[in-house]
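With compact mmCIF, C-alpha atoms and all ligand atoms inside, this is structure.txt:
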# COMPACT_ATOMS: atom_id res chain seq x y z
CA MET A 1 -19.34 -1.65 -15.22
CA GLU A 2 -15.67 -2.17 -14.55
CA THR A 3 -14.56 -5.78 -14.22
CA LEU A 4 -11.07 -7.04 -13.52
CA ILE A 5 -9.77 -10.07 -15.37
CA ILE A 6 -7.53 -11.96 -12.99
CA PRO A 7 -5.70 -15.02 -14.35
CA ASN A 8 -5.00 -18.19 -12.46
CA GLY A 9 -1.29 -18.26 -11.96
CA ASN A 10 1.57 -17.24 -9.79
CA LYS A 11 2.07 -13.83 -8.24
CA GLU A 12 4.17 -12.56 -11.15
CA GLN A 13 1.49 -13.55 -13.68
CA ILE A 14 -1.29 -11.96 -11.64
CA TYR A 15 0.59 -8.65 -11.25
CA LYS A 16 1.49 -8.67 -14.94
CA ALA A 17 -2.20 -8.92 -15.89
CA LEU A 18 -3.48 -6.70 -13.10
CA ILE A 19 -1.19 -3.64 -13.14
CA PRO A 20 -2.15 -2.50 -16.69
CA GLN A 21 -5.83 -2.92 -15.77
CA ILE A 22 -5.38 -0.73 -12.68
CA ILE A 23 -3.57 1.87 -14.76
CA ALA A 24 -6.43 1.80 -17.31
CA LEU A 25 -9.03 2.00 -14.54
CA THR A 26 -7.46 5.14 -13.07
CA GLU A 27 -6.51 6.78 -16.37
CA GLY A 28 -7.89 10.29 -16.77
CA GLU A 29 -9.29 10.34 -13.22
CA ASP A 30 -7.87 13.32 -11.34
CA ASP A 31 -9.41 12.55 -7.95
CA TYR A 32 -6.82 10.81 -5.78
CA VAL A 33 -9.45 9.42 -3.37
CA ALA A 34 -11.18 7.61 -6.23
CA ASN A 35 -7.85 6.27 -7.50
CA MET A 36 -6.63 5.12 -4.07
CA ALA A 37 -10.00 3.44 -3.48
CA ASN A 38 -9.88 1.50 -6.74
CA ILE A 39 -6.23 0.52 -6.31
CA SER A 40 -7.03 -0.85 -2.83
CA ALA A 41 -10.08 -2.74 -4.12
CA ALA A 42 -8.24 -4.18 -7.14
CA LEU A 43 -5.31 -5.49 -5.07
CA LYS A 44 -7.66 -6.96 -2.47
CA GLU A 45 -9.79 -8.63 -5.15
CA ALA A 46 -6.83 -10.04 -7.07
CA PHE A 47 -4.83 -11.40 -4.14
CA GLY A 48 -7.28 -11.66 -1.24
CA PHE A 49 -4.94 -9.74 1.06
CA TRP A 50 -6.14 -9.16 4.62
CA TRP A 51 -5.86 -5.37 4.47
CA VAL A 52 -4.92 -3.00 1.63
CA GLY A 53 -4.93 0.77 1.91
CA PHE A 54 -3.25 4.13 1.87
CA TYR A 55 -1.97 6.41 4.59
CA ILE A 56 -1.66 10.01 3.42
CA VAL A 57 0.91 12.56 4.66
CA ARG A 58 -1.07 15.40 6.25
CA ASN A 59 0.03 18.55 8.01
CA ASP A 60 -0.69 18.70 11.73
CA SER A 61 0.74 20.06 14.96
CA SER A 62 3.02 17.06 15.68
CA GLN A 63 6.75 17.47 16.18
CA HIS A 64 7.51 16.57 12.57
CA GLY A 65 4.72 18.90 11.38
CA SER A 66 2.84 16.08 9.71
CA SER A 67 1.49 12.58 10.24
CA LEU A 68 0.22 9.72 8.16
CA VAL A 69 -3.57 9.73 8.19
CA LEU A 70 -5.73 6.80 7.11
CA GLY A 71 -6.98 7.08 3.53
CA PRO A 72 -9.03 4.80 1.26
CA PHE A 73 -8.64 1.13 2.19
CA GLN A 74 -10.20 -2.33 2.00
CA GLY A 75 -10.33 -4.53 5.07
CA PRO A 76 -11.06 -4.24 8.78
CA VAL A 77 -11.03 -0.87 10.56
CA ALA A 78 -7.52 0.45 11.19
CA CYS A 79 -5.66 3.05 13.27
CA THR A 80 -6.17 6.54 11.87
CA ARG A 81 -2.86 8.32 12.56
CA ILE A 82 0.76 7.18 12.42
CA ALA A 83 3.67 9.43 13.44
CA TYR A 84 6.85 9.96 11.41
CA GLY A 85 9.22 7.02 11.91
CA ARG A 86 6.64 4.94 13.82
CA GLY A 87 5.55 1.45 12.84
CA VAL A 88 6.18 -0.04 9.43
CA CYS A 89 4.36 2.80 7.64
CA GLY A 90 6.25 5.53 9.48
CA THR A 91 9.52 3.68 8.82
CA CYS A 92 8.74 3.62 5.08
CA TRP A 93 7.98 7.36 5.19
CA LYS A 94 11.22 8.14 7.04
CA SER A 95 13.50 5.85 5.01
CA GLU A 96 11.76 6.78 1.74
CA LYS A 97 12.03 3.12 0.73
CA SER A 98 9.68 0.15 0.50
CA VAL A 99 9.68 -1.99 3.64
CA ILE A 100 8.94 -5.72 3.65
CA VAL A 101 8.22 -7.33 7.03
CA PRO A 102 8.10 -11.17 6.85
CA ASP A 103 6.91 -11.50 10.47
CA VAL A 104 5.32 -8.45 12.07
CA ASP A 105 6.01 -9.80 15.59
CA GLU A 106 9.72 -9.47 14.85
CA PHE A 107 9.49 -5.82 13.73
CA PRO A 108 10.31 -3.45 16.59
CA GLY A 109 7.56 -0.84 16.90
CA HIS A 110 5.12 -2.57 14.57
CA ILE A 111 1.65 -1.04 15.04
CA ALA A 112 -0.81 -3.91 15.34
CA CYS A 113 -4.17 -2.90 13.92
CA SER A 114 -5.26 -6.53 13.84
CA SER A 115 -3.84 -9.61 15.57
CA LEU A 116 -4.52 -11.59 12.37
CA SER A 117 -1.98 -9.57 10.41
CA LYS A 118 1.23 -11.64 10.08
CA SER A 119 3.32 -10.02 7.35
CA GLU A 120 3.32 -6.65 5.68
CA ILE A 121 4.68 -4.55 2.81
CA VAL A 122 4.65 -0.75 2.69
CA VAL A 123 5.55 1.12 -0.51
CA PRO A 124 5.96 4.90 -0.75
CA VAL A 125 4.05 7.18 -3.10
CA ILE A 126 6.59 9.76 -4.33
CA ARG A 127 5.45 12.86 -6.17
CA GLY A 128 7.67 15.86 -6.88
CA GLY A 129 10.51 14.18 -4.98
CA ARG A 130 8.48 13.94 -1.74
CA ILE A 131 6.59 11.15 -0.03
CA THR A 132 2.92 12.09 -0.25
CA ALA A 133 1.39 8.79 0.94
CA VAL A 134 2.23 5.14 1.51
CA LEU A 135 0.48 2.00 0.32
CA ASP A 136 0.22 -0.55 3.13
CA ILE A 137 -0.67 -4.21 2.53
CA ASP A 138 -1.12 -6.74 5.33
CA SER A 139 -1.39 -10.49 4.95
CA ASP A 140 -2.76 -13.03 7.38
CA LYS A 141 0.05 -15.37 6.27
CA LEU A 142 3.65 -15.17 7.40
CA ASN A 143 6.28 -14.19 4.84
CA ASP A 144 3.73 -13.38 2.12
CA PHE A 145 5.66 -10.54 0.43
CA ASP A 146 8.89 -10.52 -1.55
CA ASP A 147 10.74 -8.64 -4.23
CA THR A 148 8.06 -9.46 -6.84
CA ASP A 149 5.46 -7.51 -4.84
CA ARG A 150 7.90 -4.67 -4.22
CA ARG A 151 8.83 -4.34 -7.90
CA TRP A 152 5.26 -4.37 -9.25
CA LEU A 153 3.85 -2.14 -6.55
CA GLU A 154 6.67 0.40 -7.01
CA GLU A 155 5.99 0.34 -10.76
CA LEU A 156 2.28 0.88 -10.16
CA LEU A 157 2.77 3.79 -7.75
CA SER A 158 5.39 5.48 -9.92
CA SER A 159 3.15 5.33 -12.99
CA ASP A 160 1.21 8.36 -14.07
CA ILE A 161 -1.74 7.83 -11.70
CA ARG A 162 -3.10 10.88 -9.86
CA LEU A 163 -2.42 10.12 -6.17
CA THR A 164 -2.22 13.60 -4.64
N1 LIG B 201 0.97 -2.16 10.78
C1 LIG B 201 1.08 -0.79 10.34
C2 LIG B 201 -0.09 0.02 10.82
C3 LIG B 201 -1.22 0.10 9.86
S1 LIG B 201 -2.16 -1.28 9.78
O1 LIG B 201 -1.39 -2.48 9.53
C4 LIG B 201 -3.42 -1.15 8.73
C5 LIG B 201 2.38 -0.19 10.85
O2 LIG B 201 3.08 -0.79 11.67
O3 LIG B 201 2.71 0.91 10.41
Can you present the structure in this file as structure tokens?
Amino acid sequence: METLIIPNGNKEQIYKALIPQIIALTEGEDDYVANMANISAALKEAFGFWWVGFYIVRNDSSQHGSSLVLGPFQGPVACTRIAYGRGVCGTCWKSEKSVIVPDVDEFPGHIACSSLSKSEIVVPVIRGGRITAVLDIDSDKLNDFDDTDRRWLEELLSSDIRLT
């Protein structure tokens, strides 16, 4: 059985304890669905976020030739496809940078999957110099994400975890 040990403490202390455990949990596993599923579950369990999951870049017949398609996640049901440049996820894909949205109602083009979602962070998964997926986290609290989340999540996703 795999069990996470999550300390009482601030965000920084929780990430510091959690990220090595996620890396250990995914080590040697070459199935990206399994890894995305456990990353989503671990982040949800540690922080109690409203929604945590991946959108994966997939080829299709859209103008850009590909879309983000819903991947492994934890939380309520969500929209399945997001176009290039659309919403917070599509903006992250296009800008190739993490996006922090303190108040989703203030973000032009935000795609509301749930009215309870108040703030959001989206971090790109970059492999071979290309965005292959994004990690999307929604909170039911306003202004729940900052540079601490961005730094640790970028470190997690750029570590040697199989995500494609
Ligand atoms: N809010 C996202 C859509 C995905 S859901 O939040 C799960 C966006 O604007 O891209």
Could you give me the residues within 9 Å of ligand LIG 201 (chain B), counting all atoms listed in the file, as a PDB file with C-alpha atoms, in the coordinates of the input?
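Saved file result21.pdb follows:
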ATOM      1  CA  TRP A  51      -5.860  -5.370   4.470  1.00  0.00           C
ATOM      2  CA  VAL A  52      -4.920  -3.000   1.630  1.00  0.00           C
ATOM      3  CA  GLY A  53      -4.930   0.770   1.910  1.00  0.00           C
ATOM      4  CA  PHE A  54      -3.250   4.130   1.870  1.00  0.00           C
ATOM      5  CA  TYR A  55      -1.970   6.410   4.590  1.00  0.00           C
ATOM      6  CA  LEU A  70      -5.730   6.800   7.110  1.00  0.00           C
ATOM      7  CA  PHE A  73      -8.640   1.130   2.190  1.00  0.00           C
ATOM      8  CA  GLY A  75     -10.330  -4.530   5.070  1.00  0.00           C
ATOM      9  CA  PRO A  76     -11.060  -4.240   8.780  1.00  0.00           C
ATOM     10  CA  VAL A  77     -11.030  -0.870  10.560  1.00  0.00           C
ATOM     11  CA  ALA A  78      -7.520   0.450  11.190  1.00  0.00           C
ATOM     12  CA  CYS A  79      -5.660   3.050  13.270  1.00  0.00           C
ATOM     13  CA  THR A  80      -6.170   6.540  11.870  1.00  0.00           C
ATOM     14  CA  ARG A  81      -2.860   8.320  12.560  1.00  0.00           C
ATOM     15  CA  ILE A  82       0.760   7.180  12.420  1.00  0.00           C
ATOM     16  CA  ARG A  86       6.640   4.940  13.820  1.00  0.00           C
ATOM     17  CA  GLY A  87       5.550   1.450  12.840  1.00  0.00           C
ATOM     18  CA  VAL A  88       6.180  -0.040   9.430  1.00  0.00           C
ATOM     19  CA  CYS A  89       4.360   2.800   7.640  1.00  0.00           C
ATOM     20  CA  GLY A  90       6.250   5.530   9.480  1.00  0.00           C
ATOM     21  CA  THR A  91       9.520   3.680   8.820  1.00  0.00           C
ATOM     22  CA  CYS A  92       8.740   3.620   5.080  1.00  0.00           C
ATOM     23  CA  VAL A 104       5.320  -8.450  12.070  1.00  0.00           C
ATOM     24  CA  PHE A 107       9.490  -5.820  13.730  1.00  0.00           C
ATOM     25  CA  GLY A 109       7.560  -0.840  16.900  1.00  0.00           C
ATOM     26  CA  HIS A 110       5.120  -2.570  14.570  1.00  0.00           C
ATOM     27  CA  ILE A 111       1.650  -1.040  15.040  1.00  0.00           C
ATOM     28  CA  ALA A 112      -0.810  -3.910  15.340  1.00  0.00           C
ATOM     29  CA  CYS A 113      -4.170  -2.900  13.920  1.00  0.00           C
ATOM     30  CA  SER A 114      -5.260  -6.530  13.840  1.00  0.00           C
ATOM     31  CA  SER A 117      -1.980  -9.570  10.410  1.00  0.00           C
ATOM     32  CA  SER A 119       3.320 -10.020   7.350  1.00  0.00           C
ATOM     33  CA  GLU A 120       3.320  -6.650   5.680  1.00  0.00           C
ATOM     34  CA  VAL A 122       4.650  -0.750   2.690  1.00  0.00           C
ATOM     35  CA  ASP A 136       0.220  -0.550   3.130  1.00  0.00           C
ATOM     36  CA  ILE A 137      -0.670  -4.210   2.530  1.00  0.00           C
ATOM     37  CA  ASP A 138      -1.120  -6.740   5.330  1.00  0.00           C
TER      38      ASP A 138
END
Shell of 9 Å around region 10-21 of chain A, all atoms listed in the file, local chain residues under 2 positions omitted, as a PyMOL selection string: chain A and resi 4-8+23-26+42-43+46-47+148-149+152-153+155-156
Test item: residues at most 9 Å from region 160-164 of chain A, all atoms listed in the file, excluding those fewer than 2 positions along its chain, as an MDAnalysis selection string: chainID A and resid 23 26:33 35:36 56 125 127 132:133 156:158
Residues within 8 Å of Arg58 (chain A), only C-alpha atoms, excluding chain neighbours under 4 positions, as a PyMOL selection string: chain A and resi 66-69
Residues just named, written with C-alpha atoms as a short mmCIF file (atom, residue, chain, number, x, y, z; two decimals), in the frame of the given file:
data_model
loop_
_atom_site.label_atom_id
_atom_site.label_comp_id
_atom_site.auth_asym_id
_atom_site.auth_seq_id
_atom_site.Cartn_x
_atom_site.Cartn_y
_atom_site.Cartn_z
CA SER A 66 2.84 16.08 9.71
CA SER A 67 1.49 12.58 10.24
CA LEU A 68 0.22 9.72 8.16
CA VAL A 69 -3.57 9.73 8.19
#
Between CA of Pro102 (chain A) and CA of Asn38 (chain A) - distance in Å to one decimal: 25.9 Å
Distance in Å - CA of Leu135 (chain A) versus CA of Val123 (chain A): 5.2 Å
Listed atoms of region 147-155 of chain A, axis-aligned box, 4 Å per side: centre and edge lengths to one decimal in Å, as JSON?
{"center_x": 7.3, "center_y": -4.5, "center_z": -7.5, "size_x": 14.9, "size_y": 17.9, "size_z": 14.5}
Interatomic distance, CA of Pro108 (chain A) to CA of Lys94 (chain A) (Å, one decimal): 15.0 Å
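Here the question is which of A:Gln74, A:Val134, A:Ala83, A:Lys44 gets nearest to Ser61 (chain A) using only C-alpha atoms, and that residue is A:Ala83.
Nearest to Gly48 (chain A) of all the residues A:Arg130, A:Asp140, A:Gly9, A:Asp103 is A:Asp140, counting all atoms listed in the file.
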